[in-house]
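Undergrad: Below is the file upload22.txt, which contains compact mmCIF, N, CA, C and O atoms.
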# COMPACT_ATOMS: atom_id res chain seq x y z
N MET N 1 -15.39 -10.16 3.69
CA MET N 1 -14.36 -10.70 2.84
C MET N 1 -14.99 -11.24 1.56
O MET N 1 -15.98 -11.94 1.60
N ALA N 2 -14.41 -10.91 0.45
CA ALA N 2 -14.94 -11.34 -0.85
C ALA N 2 -14.66 -12.82 -1.06
O ALA N 2 -13.62 -13.34 -0.67
N GLU N 3 -15.60 -13.47 -1.70
CA GLU N 3 -15.42 -14.86 -2.09
C GLU N 3 -15.06 -14.88 -3.56
O GLU N 3 -15.87 -14.53 -4.41
N TRP N 4 -13.83 -15.24 -3.88
CA TRP N 4 -13.35 -15.25 -5.25
C TRP N 4 -13.52 -16.63 -5.86
O TRP N 4 -13.21 -17.64 -5.23
N LEU N 5 -14.02 -16.65 -7.08
CA LEU N 5 -14.27 -17.90 -7.79
C LEU N 5 -13.44 -17.94 -9.07
O LEU N 5 -13.21 -16.91 -9.70
N THR N 6 -13.03 -19.13 -9.47
CA THR N 6 -12.42 -19.30 -10.77
C THR N 6 -13.54 -19.27 -11.81
O THR N 6 -14.73 -19.35 -11.46
N ALA N 7 -13.19 -19.19 -13.07
CA ALA N 7 -14.20 -19.19 -14.13
C ALA N 7 -15.00 -20.50 -14.10
O ALA N 7 -16.22 -20.50 -14.31
N LYS N 8 -14.32 -21.60 -13.83
CA LYS N 8 -15.00 -22.90 -13.77
C LYS N 8 -15.98 -22.94 -12.60
O LYS N 8 -17.12 -23.37 -12.76
N GLN N 9 -15.56 -22.48 -11.44
CA GLN N 9 -16.45 -22.44 -10.27
C GLN N 9 -17.62 -21.50 -10.51
O GLN N 9 -18.76 -21.81 -10.15
N ALA N 10 -17.34 -20.34 -11.13
CA ALA N 10 -18.40 -19.38 -11.42
C ALA N 10 -19.40 -19.96 -12.40
O ALA N 10 -20.61 -19.78 -12.26
N GLY N 11 -18.90 -20.68 -13.41
CA GLY N 11 -19.78 -21.32 -14.37
C GLY N 11 -20.69 -22.34 -13.73
O GLY N 11 -21.89 -22.41 -14.02
N GLU N 12 -20.14 -23.15 -12.83
CA GLU N 12 -20.94 -24.15 -12.13
C GLU N 12 -22.01 -23.47 -11.26
O GLU N 12 -23.16 -23.90 -11.24
N ARG N 13 -21.61 -22.42 -10.58
CA ARG N 13 -22.55 -21.71 -9.70
C ARG N 13 -23.66 -21.03 -10.50
O ARG N 13 -24.81 -21.00 -10.08
N ALA N 14 -23.31 -20.48 -11.67
CA ALA N 14 -24.29 -19.76 -12.50
C ALA N 14 -25.00 -20.67 -13.49
O ALA N 14 -25.85 -20.22 -14.24
N GLN N 15 -24.60 -21.94 -13.52
CA GLN N 15 -25.14 -22.91 -14.46
C GLN N 15 -24.91 -22.45 -15.91
O GLN N 15 -25.80 -22.51 -16.76
N ARG N 16 -23.68 -22.00 -16.15
CA ARG N 16 -23.23 -21.59 -17.47
C ARG N 16 -21.90 -22.27 -17.74
O ARG N 16 -21.21 -22.71 -16.82
N HIS N 17 -21.49 -22.34 -18.99
CA HIS N 17 -20.19 -22.89 -19.33
C HIS N 17 -19.12 -21.90 -18.89
O HIS N 17 -19.32 -20.68 -18.92
N TRP N 18 -17.95 -22.41 -18.51
CA TRP N 18 -16.90 -21.51 -18.04
C TRP N 18 -16.45 -20.54 -19.13
O TRP N 18 -16.04 -19.42 -18.83
N ARG N 19 -16.56 -20.94 -20.40
CA ARG N 19 -16.19 -20.02 -21.48
C ARG N 19 -17.18 -18.87 -21.59
O ARG N 19 -16.80 -17.75 -21.97
N THR N 20 -18.43 -19.10 -21.29
CA THR N 20 -19.42 -18.02 -21.27
C THR N 20 -19.03 -17.00 -20.22
O THR N 20 -19.13 -15.79 -20.44
N VAL N 21 -18.56 -17.49 -19.08
CA VAL N 21 -18.14 -16.61 -17.99
C VAL N 21 -16.92 -15.79 -18.41
O VAL N 21 -16.90 -14.57 -18.23
N THR N 22 -15.92 -16.43 -19.01
CA THR N 22 -14.72 -15.69 -19.42
C THR N 22 -15.03 -14.71 -20.55
O THR N 22 -14.50 -13.60 -20.57
N ASP N 23 -15.91 -15.10 -21.46
CA ASP N 23 -16.31 -14.18 -22.53
C ASP N 23 -17.01 -12.95 -21.96
O ASP N 23 -16.79 -11.83 -22.41
N ALA N 24 -17.85 -13.15 -20.95
CA ALA N 24 -18.54 -12.03 -20.31
C ALA N 24 -17.54 -11.13 -19.59
O ALA N 24 -17.69 -9.90 -19.60
N CYS N 25 -16.52 -11.71 -19.01
CA CYS N 25 -15.48 -10.90 -18.36
C CYS N 25 -14.72 -10.07 -19.39
O CYS N 25 -14.50 -8.87 -19.19
N ARG N 26 -14.34 -10.69 -20.49
CA ARG N 26 -13.62 -9.97 -21.55
C ARG N 26 -14.46 -8.83 -22.13
O ARG N 26 -13.94 -7.78 -22.46
N ALA N 27 -15.76 -9.07 -22.26
CA ALA N 27 -16.66 -8.07 -22.84
C ALA N 27 -17.02 -6.97 -21.85
O ALA N 27 -17.61 -5.96 -22.24
N GLY N 28 -16.69 -7.14 -20.58
CA GLY N 28 -17.03 -6.15 -19.57
C GLY N 28 -18.43 -6.30 -19.02
O GLY N 28 -18.89 -5.47 -18.25
N GLU N 29 -19.12 -7.37 -19.39
CA GLU N 29 -20.47 -7.62 -18.88
C GLU N 29 -20.43 -8.13 -17.44
O GLU N 29 -21.34 -7.92 -16.67
N LEU N 30 -19.37 -8.85 -17.13
CA LEU N 30 -19.16 -9.42 -15.80
C LEU N 30 -17.84 -8.91 -15.27
O LEU N 30 -16.82 -8.95 -15.96
N HIS N 31 -17.87 -8.40 -14.06
CA HIS N 31 -16.66 -7.85 -13.46
C HIS N 31 -15.77 -8.98 -12.98
O HIS N 31 -16.12 -9.72 -12.07
N GLY N 32 -14.64 -9.14 -13.63
CA GLY N 32 -13.65 -10.14 -13.24
C GLY N 32 -12.27 -9.53 -13.32
O GLY N 32 -12.08 -8.47 -13.92
N VAL N 33 -11.29 -10.19 -12.71
CA VAL N 33 -9.93 -9.66 -12.72
C VAL N 33 -8.95 -10.74 -13.17
O VAL N 33 -9.17 -11.92 -12.96
N GLN N 34 -7.89 -10.28 -13.82
CA GLN N 34 -6.76 -11.11 -14.19
C GLN N 34 -5.51 -10.44 -13.62
O GLN N 34 -5.38 -9.23 -13.70
N ARG N 35 -4.62 -11.21 -13.06
CA ARG N 35 -3.42 -10.64 -12.46
C ARG N 35 -2.34 -10.35 -13.49
O ARG N 35 -1.46 -9.54 -13.25
N SER N 36 -2.39 -11.03 -14.63
CA SER N 36 -1.43 -10.79 -15.70
C SER N 36 -2.02 -11.30 -17.01
O SER N 36 -3.07 -11.92 -17.03
N VAL N 37 -1.32 -11.04 -18.10
CA VAL N 37 -1.77 -11.49 -19.41
C VAL N 37 -1.88 -13.02 -19.40
O VAL N 37 -1.01 -13.72 -18.88
N ASN N 38 -2.97 -13.52 -19.94
CA ASN N 38 -3.26 -14.95 -20.03
C ASN N 38 -3.47 -15.65 -18.68
O ASN N 38 -3.48 -16.87 -18.62
N ALA N 39 -3.59 -14.89 -17.61
CA ALA N 39 -3.86 -15.49 -16.31
C ALA N 39 -5.33 -15.91 -16.25
O ALA N 39 -6.16 -15.44 -17.03
N SER N 40 -5.64 -16.78 -15.33
CA SER N 40 -7.03 -17.20 -15.19
C SER N 40 -7.85 -16.05 -14.58
O SER N 40 -7.32 -15.20 -13.88
N TRP N 41 -9.12 -16.04 -14.90
CA TRP N 41 -10.02 -15.01 -14.39
C TRP N 41 -10.44 -15.36 -12.97
O TRP N 41 -10.60 -16.53 -12.62
N ARG N 42 -10.63 -14.34 -12.16
CA ARG N 42 -11.18 -14.47 -10.82
C ARG N 42 -12.41 -13.57 -10.77
O ARG N 42 -12.37 -12.42 -11.18
N ILE N 43 -13.49 -14.13 -10.26
CA ILE N 43 -14.76 -13.41 -10.24
C ILE N 43 -15.27 -13.37 -8.81
O ILE N 43 -15.32 -14.41 -8.13
N ASP N 44 -15.65 -12.19 -8.35
CA ASP N 44 -16.25 -12.05 -7.02
C ASP N 44 -17.65 -12.66 -7.07
O ASP N 44 -18.41 -12.41 -8.01
N ALA N 45 -17.99 -13.47 -6.08
CA ALA N 45 -19.28 -14.15 -6.05
C ALA N 45 -20.44 -13.15 -6.10
O ALA N 45 -21.46 -13.40 -6.73
N GLU N 46 -20.29 -12.00 -5.45
CA GLU N 46 -21.33 -10.97 -5.46
C GLU N 46 -21.55 -10.43 -6.88
O GLU N 46 -22.69 -10.21 -7.30
N CYS N 47 -20.48 -10.24 -7.61
CA CYS N 47 -20.57 -9.77 -8.99
C CYS N 47 -21.22 -10.82 -9.88
O CYS N 47 -22.02 -10.49 -10.76
N LEU N 48 -20.88 -12.08 -9.65
CA LEU N 48 -21.47 -13.16 -10.42
C LEU N 48 -22.98 -13.22 -10.19
O LEU N 48 -23.75 -13.33 -11.14
N ASP N 49 -23.39 -13.11 -8.95
CA ASP N 49 -24.82 -13.15 -8.63
C ASP N 49 -25.56 -11.99 -9.30
O ASP N 49 -26.65 -12.17 -9.83
N ALA N 50 -24.95 -10.81 -9.31
CA ALA N 50 -25.56 -9.66 -9.97
C ALA N 50 -25.66 -9.90 -11.48
O ALA N 50 -26.68 -9.59 -12.10
N TRP N 51 -24.64 -10.48 -12.08
CA TRP N 51 -24.64 -10.77 -13.52
C TRP N 51 -25.75 -11.75 -13.87
O TRP N 51 -26.45 -11.56 -14.85
N VAL N 52 -25.91 -12.78 -13.07
CA VAL N 52 -26.96 -13.77 -13.31
C VAL N 52 -28.34 -13.12 -13.21
O VAL N 52 -29.24 -13.42 -14.00
N GLN N 53 -28.49 -12.17 -12.30
CA GLN N 53 -29.77 -11.47 -12.12
C GLN N 53 -29.98 -10.37 -13.16
O GLN N 53 -31.07 -9.81 -13.26
N GLY N 54 -28.94 -10.05 -13.92
CA GLY N 54 -29.06 -9.04 -14.96
C GLY N 54 -28.92 -7.62 -14.49
O GLY N 54 -29.37 -6.69 -15.14
N VAL N 55 -28.26 -7.43 -13.34
CA VAL N 55 -28.03 -6.08 -12.81
C VAL N 55 -26.53 -5.83 -12.73
O VAL N 55 -25.73 -6.75 -12.76
N THR N 56 -26.14 -4.58 -12.64
CA THR N 56 -24.73 -4.20 -12.54
C THR N 56 -24.28 -4.35 -11.10
O THR N 56 -24.96 -3.91 -10.19
N CYS N 57 -23.14 -4.97 -10.92
CA CYS N 57 -22.61 -5.13 -9.56
C CYS N 57 -22.07 -3.78 -9.08
O CYS N 57 -21.71 -2.92 -9.89
N PRO N 58 -22.01 -3.59 -7.77
CA PRO N 58 -21.51 -2.31 -7.25
C PRO N 58 -20.04 -2.05 -7.53
O PRO N 58 -19.59 -0.92 -7.46
N HIS N 59 -19.28 -3.08 -7.88
CA HIS N 59 -17.85 -2.92 -8.12
C HIS N 59 -17.52 -2.53 -9.56
O HIS N 59 -16.42 -2.11 -9.83
N GLN N 60 -18.45 -2.75 -10.46
CA GLN N 60 -18.16 -2.56 -11.88
C GLN N 60 -18.01 -1.09 -12.23
O GLN N 60 -18.83 -0.27 -11.86
N ARG N 61 -16.94 -0.81 -12.98
CA ARG N 61 -16.67 0.55 -13.44
C ARG N 61 -16.45 0.49 -14.93
O ARG N 61 -15.89 -0.47 -15.46
N SER N 62 -16.87 1.53 -15.61
CA SER N 62 -16.76 1.54 -17.07
C SER N 62 -15.32 1.66 -17.56
O SER N 62 -15.02 1.32 -18.68
N ASN N 63 -14.40 2.13 -16.71
CA ASN N 63 -13.03 2.32 -17.16
C ASN N 63 -12.15 1.09 -16.92
O ASN N 63 -10.95 1.13 -17.16
N VAL N 64 -12.72 -0.01 -16.45
CA VAL N 64 -11.95 -1.22 -16.21
C VAL N 64 -11.96 -2.05 -17.49
O VAL N 64 -13.00 -2.36 -18.04
N THR N 65 -10.77 -2.40 -17.97
CA THR N 65 -10.67 -3.22 -19.17
C THR N 65 -9.80 -4.43 -18.86
O THR N 65 -8.87 -4.34 -18.07
N PRO N 66 -10.11 -5.56 -19.47
CA PRO N 66 -9.29 -6.74 -19.24
C PRO N 66 -7.90 -6.59 -19.84
O PRO N 66 -7.71 -5.84 -20.79
N ILE N 67 -6.96 -7.31 -19.30
CA ILE N 67 -5.61 -7.33 -19.84
C ILE N 67 -5.62 -8.16 -21.11
O ILE N 67 -6.16 -9.25 -21.13
N ARG N 68 -5.06 -7.63 -22.16
CA ARG N 68 -5.05 -8.36 -23.44
C ARG N 68 -3.62 -8.47 -23.94
O ARG N 68 -2.79 -7.60 -23.69
N ARG N 69 -3.40 -9.51 -24.70
CA ARG N 69 -2.08 -9.71 -25.31
C ARG N 69 -1.88 -8.64 -26.38
O ARG N 69 -2.75 -8.37 -27.18
N SER N 70 -0.72 -8.02 -26.39
CA SER N 70 -0.44 -7.01 -27.41
C SER N 70 -0.15 -7.71 -28.74
O SER N 70 0.38 -8.80 -28.79
N ALA N 71 -0.49 -7.02 -29.82
CA ALA N 71 -0.32 -7.61 -31.16
C ALA N 71 1.10 -7.59 -31.62
O ALA N 71 1.97 -6.96 -31.26
As structure tokens, what does this structure read like?
TA:
Amino acid sequence: MAEWLTAKQAGERAQRHWRTVTDACRAGELHGVQRSVNASWRIDAECLDAWVQGVTCPHQRSNVTPIRRSA
């Protein structure tokens, strides 16, 4: 079972600011999910650990893009 973390929890675990975590999710550097526009990010603990180590997590796919507000 996956352990899902909020951006704040992920930041504490990775010893980074939560905005660094959300920016990494938006940029596709860290695999995270949003359920809807402007929803909070959820990050799998396994993906976070891989990001901290500088490797690609097994879940990350190049065709996954974050949900963004339309202009």
Undergrad: If we count only C-alpha atoms, what is near range 21-25 of chain N at a cut-off of 10 Å, once residues fewer than 3 positions away on the same chain are taken out, given as a list of chain:residue names?
TA: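 Those residues are N:Thr6, N:Ala7, N:Lys8, N:Gln9, N:Ala10, N:Gly11, N:Glu12, N:Ala14, N:Arg16, N:His17, N:Trp18, N:Gly28, N:Glu29, N:Leu30, N:His31, N:Gly32, N:Val33, N:Gln34, N:Ser40, N:Trp41, N:Arg42, N:Ile43, N:Leu48, N:Trp51, N:Thr65, N:Pro66.
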Undergrad: Kindly compute an axis-aligned box around the listed atoms of range 12-28 of chain N, allowing 6 Å on each side, and express its centre and edge lengths in Å to one decimal as JSON.
TA:
{"center_x": -19.7, "center_y": -14.8, "center_z": -16.3, "size_x": 24.2, "size_y": 30.7, "size_z": 25.1}
Undergrad: Smallest atom-to-atom distance to Ala2 in chain N: which of N:Arg26, N:Arg35, N:Gln15, N:Ala45, using all atoms listed in the file?
TA: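 Nearest candidate to Ala2 in chain N out of N:Arg26, N:Arg35, N:Gln15, N:Ala45: N:Ala45.
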Undergrad: By how many Å are CA of Cys57 in chain N and atom C of Asp44 in chain N apart?
TA: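 So the two atoms, CA of Cys57 in chain N and atom C of Asp44 in chain N, lie 9.4 Å apart.
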Undergrad: What does the distance between CA of Asn38 in chain N and atom C of Leu5 in chain N come to in Å, to one decimal place?
TA: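 Going from CA of Asn38 in chain N over to atom C of Leu5 in chain N covers 15.3 Å.
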Undergrad: Could you tell me how far CA of Gly54 in chain N sits from atom O of Val37 in chain N, in Å to one decimal place?
TA: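 Rounded to one decimal, the two atoms are 28.7 Å apart.
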Undergrad: Take range 7-18 of chain N, bring it up to all heavy atoms, and give me the output as an mmCIF file, keeping the file's coordinate frame.
TA:
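To be explicit, this is the file written out as result_28.cif:
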data_model
loop_
_atom_site.group_PDB
_atom_site.id
_atom_site.type_symbol
_atom_site.label_atom_id
_atom_site.label_comp_id
_atom_site.auth_asym_id
_atom_site.auth_seq_id
_atom_site.Cartn_x
_atom_site.Cartn_y
_atom_site.Cartn_z
ATOM 1 N N ALA N 7 -13.190 -19.190 -13.070
ATOM 2 C CA ALA N 7 -14.200 -19.190 -14.130
ATOM 3 C C ALA N 7 -15.000 -20.500 -14.100
ATOM 4 O O ALA N 7 -16.220 -20.500 -14.310
ATOM 5 C CB ALA N 7 -13.562 -18.978 -15.493
ATOM 6 N N LYS N 8 -14.320 -21.600 -13.830
ATOM 7 C CA LYS N 8 -15.000 -22.900 -13.770
ATOM 8 C C LYS N 8 -15.980 -22.940 -12.600
ATOM 9 O O LYS N 8 -17.120 -23.370 -12.760
ATOM 10 C CB LYS N 8 -13.985 -24.029 -13.648
ATOM 11 C CG LYS N 8 -14.615 -25.387 -13.685
ATOM 12 C CD LYS N 8 -13.590 -26.492 -13.691
ATOM 13 C CE LYS N 8 -14.303 -27.836 -13.741
ATOM 14 N NZ LYS N 8 -13.375 -28.948 -13.766
ATOM 15 N N GLN N 9 -15.560 -22.480 -11.440
ATOM 16 C CA GLN N 9 -16.450 -22.440 -10.270
ATOM 17 C C GLN N 9 -17.620 -21.500 -10.510
ATOM 18 O O GLN N 9 -18.760 -21.810 -10.150
ATOM 19 C CB GLN N 9 -15.676 -21.985 -9.035
ATOM 20 C CG GLN N 9 -14.647 -22.972 -8.554
ATOM 21 C CD GLN N 9 -13.730 -22.375 -7.495
ATOM 22 O OE1 GLN N 9 -13.477 -21.159 -7.473
ATOM 23 N NE2 GLN N 9 -13.217 -23.223 -6.621
ATOM 24 N N ALA N 10 -17.340 -20.340 -11.130
ATOM 25 C CA ALA N 10 -18.400 -19.380 -11.420
ATOM 26 C C ALA N 10 -19.400 -19.960 -12.400
ATOM 27 O O ALA N 10 -20.610 -19.780 -12.260
ATOM 28 C CB ALA N 10 -17.800 -18.085 -11.971
ATOM 29 N N GLY N 11 -18.900 -20.680 -13.410
ATOM 30 C CA GLY N 11 -19.780 -21.320 -14.370
ATOM 31 C C GLY N 11 -20.690 -22.340 -13.730
ATOM 32 O O GLY N 11 -21.890 -22.410 -14.020
ATOM 33 N N GLU N 12 -20.140 -23.150 -12.830
ATOM 34 C CA GLU N 12 -20.940 -24.150 -12.130
ATOM 35 C C GLU N 12 -22.010 -23.470 -11.260
ATOM 36 O O GLU N 12 -23.160 -23.900 -11.240
ATOM 37 C CB GLU N 12 -20.043 -25.031 -11.272
ATOM 38 C CG GLU N 12 -19.161 -25.963 -12.083
ATOM 39 C CD GLU N 12 -18.108 -26.684 -11.256
ATOM 40 O OE1 GLU N 12 -18.042 -26.472 -10.022
ATOM 41 O OE2 GLU N 12 -17.351 -27.463 -11.857
ATOM 42 N N ARG N 13 -21.610 -22.420 -10.580
ATOM 43 C CA ARG N 13 -22.550 -21.710 -9.700
ATOM 44 C C ARG N 13 -23.660 -21.030 -10.500
ATOM 45 O O ARG N 13 -24.810 -21.000 -10.080
ATOM 46 C CB ARG N 13 -21.773 -20.673 -8.885
ATOM 47 C CG ARG N 13 -22.617 -19.905 -7.911
ATOM 48 C CD ARG N 13 -21.743 -19.060 -7.028
ATOM 49 N NE ARG N 13 -22.524 -18.191 -6.196
ATOM 50 C CZ ARG N 13 -22.134 -17.729 -5.031
ATOM 51 N NH1 ARG N 13 -20.959 -18.068 -4.553
ATOM 52 N NH2 ARG N 13 -22.900 -16.924 -4.343
ATOM 53 N N ALA N 14 -23.310 -20.480 -11.670
ATOM 54 C CA ALA N 14 -24.290 -19.760 -12.500
ATOM 55 C C ALA N 14 -25.000 -20.670 -13.490
ATOM 56 O O ALA N 14 -25.850 -20.220 -14.240
ATOM 57 C CB ALA N 14 -23.589 -18.629 -13.248
ATOM 58 N N GLN N 15 -24.600 -21.940 -13.520
ATOM 59 C CA GLN N 15 -25.140 -22.910 -14.460
ATOM 60 C C GLN N 15 -24.910 -22.450 -15.910
ATOM 61 O O GLN N 15 -25.800 -22.510 -16.760
ATOM 62 C CB GLN N 15 -26.614 -23.192 -14.195
ATOM 63 C CG GLN N 15 -26.847 -23.793 -12.838
ATOM 64 C CD GLN N 15 -28.301 -24.053 -12.542
ATOM 65 O OE1 GLN N 15 -29.185 -23.624 -13.275
ATOM 66 N NE2 GLN N 15 -28.543 -24.759 -11.459
ATOM 67 N N ARG N 16 -23.680 -22.000 -16.150
ATOM 68 C CA ARG N 16 -23.230 -21.590 -17.470
ATOM 69 C C ARG N 16 -21.900 -22.270 -17.740
ATOM 70 O O ARG N 16 -21.210 -22.710 -16.820
ATOM 71 C CB ARG N 16 -22.994 -20.072 -17.552
ATOM 72 C CG ARG N 16 -24.131 -19.178 -17.095
ATOM 73 C CD ARG N 16 -25.188 -19.023 -18.135
ATOM 74 N NE ARG N 16 -26.122 -17.941 -17.960
ATOM 75 C CZ ARG N 16 -26.954 -17.744 -16.962
ATOM 76 N NH1 ARG N 16 -26.921 -18.523 -15.927
ATOM 77 N NH2 ARG N 16 -27.809 -16.754 -16.960
ATOM 78 N N HIS N 17 -21.490 -22.340 -18.990
ATOM 79 C CA HIS N 17 -20.190 -22.890 -19.330
ATOM 80 C C HIS N 17 -19.120 -21.900 -18.890
ATOM 81 O O HIS N 17 -19.320 -20.680 -18.920
ATOM 82 C CB HIS N 17 -20.114 -23.128 -20.851
ATOM 83 C CG HIS N 17 -18.979 -24.001 -21.254
ATOM 84 N ND1 HIS N 17 -17.708 -23.508 -21.449
ATOM 85 C CD2 HIS N 17 -18.915 -25.337 -21.473
ATOM 86 C CE1 HIS N 17 -16.906 -24.504 -21.786
ATOM 87 N NE2 HIS N 17 -17.620 -25.639 -21.816
ATOM 88 N N TRP N 18 -17.950 -22.410 -18.510
ATOM 89 C CA TRP N 18 -16.900 -21.510 -18.040
ATOM 90 C C TRP N 18 -16.450 -20.540 -19.130
ATOM 91 O O TRP N 18 -16.040 -19.420 -18.830
ATOM 92 C CB TRP N 18 -15.696 -22.291 -17.489
ATOM 93 C CG TRP N 18 -14.962 -23.127 -18.484
ATOM 94 C CD1 TRP N 18 -15.188 -24.439 -18.788
ATOM 95 C CD2 TRP N 18 -13.893 -22.708 -19.328
ATOM 96 N NE1 TRP N 18 -14.321 -24.861 -19.763
ATOM 97 C CE2 TRP N 18 -13.503 -23.823 -20.113
ATOM 98 C CE3 TRP N 18 -13.207 -21.504 -19.483
ATOM 99 C CZ2 TRP N 18 -12.473 -23.752 -21.043
ATOM 100 C CZ3 TRP N 18 -12.194 -21.447 -20.414
ATOM 101 C CH2 TRP N 18 -11.826 -22.561 -21.181
#
